[in-house]
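Asker: The file below is entry_25.txt, compact mmCIF, C-alpha atoms and all ligand atoms:
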```txt
# COMPACT_ATOMS: atom_id res chain seq x y z
CA MET M 272 -110.89 133.65 121.05
CA ILE M 273 -114.29 133.58 119.40
CA ARG M 274 -115.46 130.05 118.59
CA HIS M 275 -116.68 129.96 114.99
CA PHE M 276 -118.11 126.71 113.59
CA LEU M 277 -117.29 126.93 109.89
CA ASN M 278 -116.10 123.36 109.54
CA LEU M 279 -115.84 120.30 111.80
CA THR M 280 -112.09 120.81 112.24
CA ASP M 281 -112.84 124.04 114.14
CA ALA M 282 -114.03 121.90 117.07
CA GLY M 283 -111.57 119.01 116.67
CA PRO M 284 -112.19 115.43 117.82
CA ASP M 285 -112.64 116.35 121.50
CA GLY M 286 -115.04 119.17 120.69
CA LEU M 287 -117.08 116.95 118.39
CA ALA M 288 -117.23 114.16 120.98
CA ALA M 289 -118.32 116.62 123.67
CA MET M 290 -121.02 118.06 121.41
CA LEU M 291 -122.37 114.64 120.47
CA ASP M 292 -122.50 113.63 124.12
CA ASP M 293 -124.28 116.88 125.03
CA ALA M 294 -126.76 116.51 122.17
CA MET M 295 -127.78 113.01 123.26
CA THR M 296 -127.95 113.90 126.96
CA ARG M 297 -130.11 116.99 126.42
CA LYS M 298 -132.34 115.15 123.95
CA ALA M 299 -133.01 112.42 126.53
CA ALA M 300 -133.59 114.96 129.30
CA ARG M 301 -136.50 116.60 127.47
CA ALA M 302 -138.08 113.49 125.91
CA GLY M 303 -141.85 113.88 125.64
CA TRP M 304 -141.86 117.61 126.41
CA PRO M 305 -143.70 120.11 124.20
CA LYS M 306 -141.20 121.38 121.61
CA GLY M 307 -141.46 124.98 122.75
CA ARG M 308 -140.67 124.35 126.41
CA ILE M 309 -137.29 125.78 127.41
CA ASP M 310 -134.69 123.34 128.77
CA ALA M 311 -134.64 123.31 132.57
CA ASP M 312 -131.25 125.06 132.83
CA ALA M 313 -131.91 127.56 129.98
CA PRO M 314 -128.15 127.74 129.24
CA LEU M 315 -128.41 130.45 126.56
CA ALA M 316 -131.03 132.64 128.23
CA GLY M 317 -130.85 136.17 126.87
CA HIS M 318 -128.89 135.16 123.76
CA VAL M 319 -130.03 136.06 120.24
CA LEU M 320 -129.11 134.08 117.12
CA ALA M 321 -129.40 135.83 113.75
CA MET M 322 -129.79 133.59 110.71
CA ILE M 323 -129.09 134.67 107.13
CA PHE M 324 -130.30 132.55 104.22
CA GLU M 325 -128.97 133.02 100.70
CA LYS M 326 -130.42 129.61 99.77
CA ASN M 327 -133.63 127.77 100.58
CA SER M 328 -133.96 125.77 103.79
CA THR M 329 -136.54 123.90 105.83
CA ARG M 330 -134.55 121.81 108.32
CA THR M 331 -131.68 124.21 109.03
CA ARG M 332 -134.03 127.17 109.40
CA VAL M 333 -136.53 125.56 111.75
CA SER M 334 -134.12 123.39 113.73
CA PHE M 335 -131.78 126.30 114.53
CA ASP M 336 -134.75 128.48 115.44
CA MET M 337 -136.08 125.83 117.82
CA ALA M 338 -132.57 125.08 119.09
CA ILE M 339 -131.91 128.60 120.34
CA ARG M 340 -135.44 128.82 121.79
CA GLN M 341 -135.08 125.55 123.71
CA LEU M 342 -131.78 126.85 125.09
CA GLY M 343 -133.60 129.90 126.43
CA GLY M 344 -132.63 132.37 123.69
CA THR M 345 -134.38 133.93 120.70
CA SER M 346 -133.76 134.24 116.97
CA ILE M 347 -133.99 136.61 114.03
CA VAL M 348 -134.35 134.90 110.64
CA MET M 349 -133.52 136.82 107.46
CA ASP M 350 -133.47 136.07 103.76
CA ALA M 351 -130.40 137.74 102.28
CA GLY M 352 -132.49 139.06 99.40
CA SER M 353 -134.48 141.29 101.73
CA MET M 354 -131.36 142.59 103.51
CA GLN M 355 -129.00 145.30 102.25
CA LEU M 356 -126.65 142.35 101.71
CA GLY M 357 -128.92 141.48 98.81
CA ARG M 358 -128.20 144.79 97.11
CA GLY M 359 -124.48 144.91 97.63
CA GLU M 360 -123.65 145.76 101.24
CA SER M 361 -120.50 143.82 102.04
CA ILE M 362 -120.37 140.70 104.19
CA ALA M 363 -117.73 142.43 106.33
CA ASP M 364 -119.95 145.44 107.08
CA THR M 365 -122.94 143.18 107.69
CA ALA M 366 -120.86 141.14 110.14
CA ARG M 367 -119.73 144.24 112.04
CA VAL M 368 -123.25 145.67 112.28
CA LEU M 369 -124.98 142.43 113.31
CA SER M 370 -122.32 141.84 115.97
CA GLY M 371 -123.64 144.90 117.77
CA TYR M 372 -127.18 143.50 117.86
CA VAL M 373 -126.97 139.73 118.28
CA ASP M 374 -124.87 137.13 120.07
CA ALA M 375 -124.28 134.68 117.19
CA ILE M 376 -124.77 134.52 113.42
CA MET M 377 -125.67 131.49 111.31
CA ILE M 378 -125.32 131.89 107.56
CA ARG M 379 -126.27 129.64 104.62
CA THR M 380 -124.65 130.75 101.41
CA ASP M 381 -122.90 129.59 98.23
CA ASP M 382 -119.19 130.51 98.27
CA HIS M 383 -117.47 129.21 101.41
CA ALA M 384 -115.25 132.31 101.38
CA LYS M 385 -118.32 134.29 102.43
CA VAL M 386 -118.68 132.48 105.77
CA GLU M 387 -114.95 132.94 106.32
CA GLU M 388 -115.29 136.65 105.62
CA MET M 389 -118.25 136.84 107.97
CA ALA M 390 -116.21 135.17 110.71
CA ALA M 391 -113.18 137.39 110.06
CA HIS M 392 -115.22 140.53 110.70
CA ALA M 393 -117.77 139.37 113.28
CA GLY M 394 -117.33 139.98 116.98
CA VAL M 395 -119.60 137.02 117.74
CA PRO M 396 -119.54 133.30 116.78
CA VAL M 397 -120.40 132.51 113.14
CA ILE M 398 -121.91 129.14 112.17
CA ASN M 399 -121.85 127.59 108.69
CA GLY M 400 -125.41 126.55 107.84
CA LEU M 401 -124.23 125.08 104.48
CA THR M 402 -121.98 126.37 101.74
CA ASP M 403 -121.07 124.92 98.36
CA ALA M 404 -118.04 123.41 100.11
CA SER M 405 -119.41 121.91 103.33
CA HIS M 406 -122.33 121.23 105.65
CA PRO M 407 -120.86 120.57 109.10
CA CYS M 408 -124.13 120.95 111.07
CA GLN M 409 -125.70 118.17 109.00
CA ILE M 410 -122.87 115.80 109.80
CA MET M 411 -123.21 116.46 113.55
CA ALA M 412 -126.80 115.19 113.27
CA ASP M 413 -125.67 112.24 111.14
CA LEU M 414 -123.03 111.21 113.68
CA GLN M 415 -125.55 111.52 116.50
CA THR M 416 -127.99 109.31 114.58
CA ILE M 417 -125.29 106.68 113.99
CA LEU M 418 -124.33 106.66 117.68
CA GLU M 419 -127.96 106.40 118.76
CA SER M 420 -128.40 103.39 116.47
CA GLY M 421 -125.85 101.60 118.64
CA LYS M 422 -122.82 101.86 116.34
CA ALA M 423 -119.46 103.24 117.46
CA LEU M 424 -117.63 105.68 115.18
CA PRO M 425 -114.06 104.31 115.27
CA GLY M 426 -113.70 101.61 112.63
CA LEU M 427 -117.11 102.26 111.07
CA LYS M 428 -117.44 102.04 107.28
CA ILE M 429 -119.64 104.63 105.60
CA ALA M 430 -120.50 104.24 101.91
CA TRP M 431 -121.38 107.38 99.95
CA LEU M 432 -123.19 107.08 96.62
CA GLY M 433 -123.65 109.71 93.93
CA ASP M 434 -122.48 113.29 93.80
CA GLY M 435 -119.15 114.31 95.32
CA ASN M 436 -120.70 117.33 97.01
CA ASN M 437 -120.62 119.55 100.11
CA VAL M 438 -122.22 116.92 102.37
CA LEU M 439 -119.68 114.30 101.31
CA ALA M 440 -116.83 116.75 102.01
CA SER M 441 -118.01 117.15 105.59
CA ILE M 442 -118.49 113.39 106.07
CA ILE M 443 -114.91 112.88 104.90
CA GLU M 444 -113.71 115.59 107.27
CA ALA M 445 -115.55 113.82 110.13
CA ALA M 446 -113.92 110.52 109.16
CA GLY M 447 -110.47 112.02 109.55
CA LEU M 448 -111.34 113.46 112.94
CA MET M 449 -113.33 110.56 114.39
CA HIS M 450 -111.43 107.65 112.83
CA PHE M 451 -113.95 105.93 110.59
CA ASP M 452 -113.71 105.05 106.89
CA VAL M 453 -115.57 106.58 103.94
CA VAL M 454 -115.75 104.87 100.57
CA ALA M 455 -117.37 107.11 97.96
CA ALA M 456 -118.70 105.84 94.64
CA CYS M 457 -119.19 108.79 92.32
CA PRO M 458 -119.28 108.97 88.52
CA GLN M 459 -116.38 110.43 86.56
CA GLY M 460 -116.54 114.20 86.61
CA TYR M 461 -118.51 114.30 89.86
CA GLN M 462 -115.95 112.91 92.28
CA PRO M 463 -114.78 114.82 95.36
CA THR M 464 -111.71 117.00 94.86
CA GLU M 465 -108.31 115.82 96.01
CA ALA M 466 -108.45 118.46 98.73
CA ASP M 467 -111.75 117.04 99.97
CA VAL M 468 -110.37 113.49 100.02
CA ALA M 469 -107.32 114.76 101.92
CA LEU M 470 -109.63 116.01 104.69
CA GLY M 471 -110.07 112.33 105.56
CA ARG M 472 -106.40 112.01 106.56
CA GLY M 473 -106.18 108.65 104.78
CA ARG M 474 -109.63 107.40 105.83
CA ALA M 475 -111.42 108.27 102.56
CA ARG M 476 -111.19 106.73 99.11
CA VAL M 477 -113.12 107.01 95.87
CA VAL M 478 -114.19 103.96 93.88
CA GLY M 479 -115.84 103.59 90.49
CA THR M 480 -118.78 101.31 91.25
CA ALA M 481 -121.63 101.46 93.73
CA ALA M 482 -121.22 97.77 94.60
CA GLU M 483 -117.60 98.27 95.64
CA ALA M 484 -118.53 101.15 97.95
CA VAL M 485 -121.34 99.42 99.84
CA GLU M 486 -119.60 96.05 100.31
CA GLY M 487 -119.60 95.49 104.08
CA ALA M 488 -120.74 99.05 104.83
CA ASP M 489 -122.28 99.91 108.21
CA VAL M 490 -123.97 103.06 106.91
CA VAL M 491 -125.07 103.94 103.38
CA VAL M 492 -125.52 107.63 102.57
CA THR M 493 -126.62 109.57 99.53
CA ASP M 494 -127.88 113.06 98.70
CA THR M 495 -129.58 114.92 95.89
CA TRP M 496 -127.82 114.68 92.54
CA ILE M 497 -128.43 118.37 91.87
CA SER M 498 -127.46 120.63 94.78
CA MET M 499 -128.79 124.14 95.30
CA GLY M 500 -127.24 126.55 92.83
CA GLN M 501 -126.40 123.79 90.32
CA ALA M 502 -128.01 123.60 86.89
CA HIS M 503 -130.54 120.78 86.35
CA ALA M 504 -128.57 118.79 83.77
CA GLU M 505 -129.92 115.61 82.18
CA THR M 506 -126.35 114.48 81.48
CA LYS M 507 -125.57 114.60 85.19
CA LEU M 508 -128.71 112.67 86.12
CA ALA M 509 -127.85 109.99 83.55
CA ALA M 510 -124.30 109.68 84.88
CA MET M 511 -125.65 109.31 88.42
CA MET M 512 -128.21 106.57 87.68
CA PRO M 513 -125.82 103.60 88.27
CA PHE M 514 -125.24 105.05 91.76
CA GLN M 515 -128.88 105.03 92.83
CA VAL M 516 -129.43 103.39 96.23
CA ASP M 517 -131.94 100.58 95.79
CA GLU M 518 -132.74 97.43 97.75
CA ALA M 519 -130.30 95.28 95.75
CA LEU M 520 -127.49 97.68 96.61
CA MET M 521 -128.49 97.83 100.30
CA ALA M 522 -128.37 94.03 100.37
CA ARG M 523 -124.61 94.20 99.67
CA ALA M 524 -124.01 96.25 102.82
CA LYS M 525 -123.96 94.68 106.30
CA PRO M 526 -127.35 93.17 107.27
CA ASP M 527 -127.77 95.79 110.00
CA ALA M 528 -126.62 98.68 107.79
CA THR M 529 -128.52 101.94 108.14
CA PHE M 530 -129.48 104.37 105.42
CA LEU M 531 -129.08 108.14 105.86
CA HIS M 532 -130.02 111.12 103.66
CA CYS M 533 -129.77 114.76 104.73
CA LEU M 534 -133.00 115.60 102.84
CA PRO M 535 -134.66 116.96 100.79
CA ALA M 536 -134.83 113.69 98.83
CA HIS M 537 -135.83 112.82 95.31
CA ARG M 538 -137.44 109.39 95.42
CA GLY M 539 -136.69 107.51 92.22
CA GLU M 540 -133.47 109.45 91.61
CA GLU M 541 -130.70 109.09 94.20
CA VAL M 542 -132.73 106.59 96.26
CA THR M 543 -135.72 104.35 95.70
CA GLU M 544 -138.88 104.69 97.75
CA ALA M 545 -138.39 101.16 99.10
CA VAL M 546 -135.06 102.13 100.69
CA ILE M 547 -135.76 105.63 101.96
CA ASP M 548 -139.11 104.60 103.42
CA GLY M 549 -137.90 101.11 104.38
CA PRO M 550 -136.82 99.54 107.69
CA GLN M 551 -133.12 100.42 107.38
CA SER M 552 -133.75 104.13 106.87
CA LEU M 553 -133.15 106.46 109.84
CA ILE M 554 -133.92 109.67 107.97
CA TRP M 555 -136.57 110.98 110.37
CA ALA M 556 -134.33 110.53 113.40
CA GLU M 557 -131.54 112.14 111.37
CA ALA M 558 -133.71 115.15 110.56
CA GLU M 559 -134.87 115.53 114.17
CA ASN M 560 -131.29 115.31 115.36
CA ARG M 561 -130.48 118.52 113.49
CA LEU M 562 -132.25 120.23 116.40
CA HIS M 563 -130.40 118.38 119.14
CA ALA M 564 -126.99 118.51 117.47
CA GLN M 565 -127.27 122.22 116.75
CA LYS M 566 -128.12 122.98 120.36
CA ALA M 567 -124.76 121.43 121.15
CA VAL M 568 -123.08 123.44 118.38
CA LEU M 569 -124.52 126.64 119.86
CA ARG M 570 -123.35 125.69 123.35
CA TRP M 571 -119.89 124.87 121.99
CA CYS M 572 -119.72 128.25 120.26
CA PHE M 573 -120.39 129.96 123.59
CA GLY M 574 -117.72 127.92 125.37
CA GLN M 575 -120.20 125.95 127.48
CA ILE M 576 -118.91 122.56 126.33
CA GLY M 577 -115.78 121.07 124.75
N1 LIG T 1 -130.55 118.97 105.27
C1 LIG T 1 -130.76 120.29 105.21
O1 LIG T 1 -129.86 121.10 105.42
O2 LIG T 1 -132.05 120.65 104.93
P1 LIG T 1 -132.56 122.12 104.57
O3 LIG T 1 -131.99 122.48 103.24
O4 LIG T 1 -134.06 121.98 104.55
O5 LIG T 1 -132.09 123.08 105.63
N1 LIG T 2 -126.07 118.97 98.73
C1 LIG T 2 -127.32 119.62 99.01
C2 LIG T 2 -127.66 119.54 100.47
C3 LIG T 2 -128.97 120.16 100.84
C4 LIG T 2 -129.23 120.14 102.32
C5 LIG T 2 -127.27 121.05 98.53
O1 LIG T 2 -126.23 121.70 98.73
O2 LIG T 2 -128.25 121.52 97.96
```
Rewrite the structure from the file as structure tokens, please.

Answerer:
Amino acid sequence: MIRHFLNLTDAGPDGLAAMLDDAMTRKAARAGWPKGRIDADAPLAGHVLAMIFEKNSTRTRVSFDMAIRQLGGTSIVMDAGSMQLGRGESIADTARVLSGYVDAIMIRTDDHAKVEEMAAHAGVPVINGLTDASHPCQIMADLQTILESGKALPGLKIAWLGDGNNVLASIIEAAGLMHFDVVAACPQGYQPTEADVALGRGRARVVGTAAEAVEGADVVVTDTWISMGQAHAETKLAAMMPFQVDEALMARAKPDATFLHCLPAHRGEEVTEAVIDGPQSLIWAEAENRLHAQKAVLRWCFGQIG
């Protein structure tokens, strides 16, 4: 069975726990090393990861590239627009062809059905590097960051503010698997779908006000109000404004609450400068952990852990 990582459920609670443990162990083992030095055991020596981007990326692109290199492998990074994919070659044919050249494929795209089609026709593991529906790699880094801050996942309360988007869907999915609670405050018309809420297996709920969501929260999370591929609509920005994360809102969460944001951020929109650049923000650790968490995802895909 090929191990695809299209959503967090593909790995299950035990797989996720094993990956998080591996990510933290390997991160500690190479502390202070130059970024380009290969891990001592080079567990993916000889392996090639191909990456396909149909949307922009900084973190996912560079962290996956460095992840496979640190594991001893190499990468090929492609923008879909410069591939035959960009002029109509099917995902299925692309998957079959690439499977003869490389050992794993990461794809960032719009319609989630495309990553499923890629996986259905690939002879190698396929990894979801973000779709309109989910962003599982991001949530691996988020969970790692939470654990490293000294918080345990079971029983944790995460507050989500703003758009009911792909990142929220994956946080809810993680909540169902790892037994923590998510309270999302999203304006009418921008709430997560019922199917997304159901991913939380009873651990997720949607409320109408920001204050209600953050009350007693251990972690406060937000994201851009306009995701990639969405129109820049003034009406949406106006609807989101009461859900901005500012210092007054953070003060309603637990005193030791941490702030997370997958980035890129829009200071003055979904979060104020004082919060994102303030003492409770762990965004730089979160961004760095994309590298460490994705090394674990790659190792899981190759059956080395979990
Ligand atoms: N958080 C995240 O996925 O960032 P990029 O869009 O830069 O990859
Ligand atoms: N929700 C955002 C996340 C970017 C990493 C988007 O899809 O654009």

Asker: Report the closest atom pair, with its distance in Å rounded to one decimal, for each residue of chain M that has an atom no farther than 8 Å from ligand LIG 1 (chain T); count all atoms listed in the file, sort by chain and then rising residue number, and write it as a Markdown table.

Answerer:
```
| residue | atom | partner | partner_atom | distance |
| --- | --- | --- | --- | --- |
| M:Asn327 | CA | T:LIG1 | O3 | 6.1 |
| M:Ser328 | CA | T:LIG1 | O5 | 3.8 |
| M:Thr329 | CA | T:LIG1 | O4 | 3.4 |
| M:Arg330 | CA | T:LIG1 | O4 | 3.8 |
| M:Thr331 | CA | T:LIG1 | O5 | 3.6 |
| M:Arg332 | CA | T:LIG1 | O5 | 5.9 |
| M:Val333 | CA | T:LIG1 | O5 | 8.0 |
| M:Gly400 | CA | T:LIG1 | O1 | 7.4 |
| M:Leu401 | CA | T:LIG1 | O1 | 7.0 |
| M:His406 | CA | T:LIG1 | O1 | 7.5 |
| M:Gln409 | CA | T:LIG1 | N1 | 6.2 |
| M:Cys533 | CA | T:LIG1 | N1 | 4.3 |
| M:Leu534 | CA | T:LIG1 | N1 | 4.8 |
| M:Pro535 | CA | T:LIG1 | O2 | 6.1 |
| M:Ala558 | CA | T:LIG1 | N1 | 7.2 |
```

Asker: Once 5 Å is added on each side, what are the centre and the three edge lengths, in Å to one decimal, of the axis-aligned box enclosing the listed atoms of stretch 383-397 of chain M? Present them as JSON.

Answerer:
```
{"center_x": -116.8, "center_y": 134.9, "center_z": 109.6, "size_x": 17.2, "size_y": 21.3, "size_z": 26.4}
```

Asker: If you measure from atom CA of M:Ala456 to atom CA of M:Ala288, what distance in Å do you get, rounded to one decimal?

Answerer: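 Spanning atom CA of M:Ala456 to atom CA of M:Ala288 is a straight-line distance of 27.7 Å.
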
Asker: May I ask for the distance between atom CA of M:Asn399 and atom CA of M:Val492, given in Å to one decimal place?

Answerer: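 Separation between atom CA of M:Asn399 and atom CA of M:Val492: 21.2 Å.
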
Asker: List as a PyMOL selection string the protein and nucleic acid residues lying within 6 Å of ligand LIG 2 (chain T), with all atoms listed in the file counted.

Answerer: chain M and resi 436-438+498-499+533-534

Asker: Enter the distance from atom CA of M:Gly539 to atom CA of M:Gln501, in Å, rounded to one decimal.

Answerer: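 So the two atoms, atom CA of M:Gly539 and atom CA of M:Gln501, lie 19.4 Å apart.
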
Asker: Quick one: residues within 7 Å of stretch 470-472 of chain M, only C-alpha atoms counted, chain neighbours fewer than 4 positions away excluded, as a ChimeraX atom specification?

Answerer: /M:443-444,446-447,466

Asker: Report as a list in words all protein, DNA and RNA residues lying within 7 Å of M:Ile376, evaluated on all atoms listed in the file, omitting residues in the same chain fewer than 5 positions from it.

Answerer: Leu320, Ala321, Met322, Pro396, Val397 and Ile398 of chain M

Asker: Please provide as a ChimeraX atom specification all residues within 6 Å of M:Thr402, with the sequence filter that same-chain residues fewer than 6 positions apart are discarded (counting all atoms listed in the file).

Answerer: /M:380-381,383

Asker: May I have the residues from that selection written out with C-alpha atoms, as a compact mmCIF listing (two decimals), in the coordinates of the input?

Answerer:
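What ended up in result-v3.txt:
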```txt
# COMPACT_ATOMS: atom_id res chain seq x y z
CA THR M 380 -124.65 130.75 101.41
CA ASP M 381 -122.90 129.59 98.23
CA HIS M 383 -117.47 129.21 101.41
```

Asker: List the neighbours of M:Ile339 out to 9 Å using all atoms listed in the file; skip same-chain residues closer than 4 positions along the sequence, and give me the result as a list in words.

Answerer: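 Contacts, in chain order: Leu315, Ala316, His318, Val319, Leu320, Ser334, Phe335, Gly343, Gly344, Thr345, Ser346, Gln565, Lys566 and Leu569 of chain M.
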
Asker: Can you pull out the residues contacting M:Glu483? Cut-off 10 Å, using all atoms listed in the file, and skip same-chain residues under 6 positions away; I want them as a PDB file with C-alpha atoms, in the coordinates of the input.

Answerer:
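So the final result, stored in result.pdb, reads:
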```pdb
ATOM      1  CA  ALA M 430    -120.500 104.240 101.910  1.00  0.00           C
ATOM      2  CA  VAL M 454    -115.750 104.870 100.570  1.00  0.00           C
ATOM      3  CA  ALA M 455    -117.370 107.110  97.960  1.00  0.00           C
ATOM      4  CA  ALA M 456    -118.700 105.840  94.640  1.00  0.00           C
ATOM      5  CA  VAL M 477    -113.120 107.010  95.870  1.00  0.00           C
ATOM      6  CA  LEU M 520    -127.490  97.680  96.610  1.00  0.00           C
ATOM      7  CA  ARG M 523    -124.610  94.200  99.670  1.00  0.00           C
ATOM      8  CA  ALA M 524    -124.010  96.250 102.820  1.00  0.00           C
TER       9      ALA M 524
END
```

Asker: Hey, which of M:Ile547, M:Ala440, M:Ala482, M:Ala311 ends up closest to M:Pro463? Count all atoms listed in the file.

Answerer: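 Selected residue with least distance to M:Pro463: M:Ala440.
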
Asker: Given the choices M:Ala556, M:Ile309, M:Ala390, M:Ala484, which gets closest to M:Ala338 if the distance is worked out from only C-alpha atoms?

Answerer: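 With only C-alpha atoms as the atom set, the closest residue is M:Ile309.
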
Asker: Counting only C-alpha atoms, select every polymer residue within 12 Å of (-119.1, 142.1, 102.2) as defined in the file's coordinates, and provide the selection as a list in words.

Answerer: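 Collected hits near the coordinates: Gln355, Leu356, Gly357, Arg358, Gly359, Glu360, Ser361, Ile362, Ala363, Asp364, Thr365, Ala366, Arg367, Val368, Ala384, Lys385, Val386, Glu387, Glu388, Met389, Ala390, Ala391, His392 and Ala393 of chain M.
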
Asker: Can you work out which one of M:Ala481, M:Leu448, M:His563, M:Leu508 has the shortest atom-to-atom distance to M:Gly286, counting all atoms listed in the file?

Answerer: M:Leu448

Asker: Using all atoms listed in the file and a cutoff of 9 Å, can you tell me which residues are near (-116.5, 131.7, 124.6) in the file's coordinates, and write them out as a PDB file with C-alpha atoms, in the coordinates of the input?

Answerer:
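Just written: out.pdb:
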```pdb
ATOM      1  CA  MET M 272    -110.890 133.650 121.050  1.00  0.00           C
ATOM      2  CA  ILE M 273    -114.290 133.580 119.400  1.00  0.00           C
ATOM      3  CA  ARG M 274    -115.460 130.050 118.590  1.00  0.00           C
ATOM      4  CA  PRO M 396    -119.540 133.300 116.780  1.00  0.00           C
ATOM      5  CA  TRP M 571    -119.890 124.870 121.990  1.00  0.00           C
ATOM      6  CA  CYS M 572    -119.720 128.250 120.260  1.00  0.00           C
ATOM      7  CA  PHE M 573    -120.390 129.960 123.590  1.00  0.00           C
ATOM      8  CA  GLY M 574    -117.720 127.920 125.370  1.00  0.00           C
ATOM      9  CA  GLN M 575    -120.200 125.950 127.480  1.00  0.00           C
TER      10      GLN M 575
END
```

Asker: I need the residue nearest M:Asp285 from this list: M:Leu553, M:Ala504, M:Met377, M:Met449. Use all atoms listed in the file for the distance.

Answerer: M:Met449
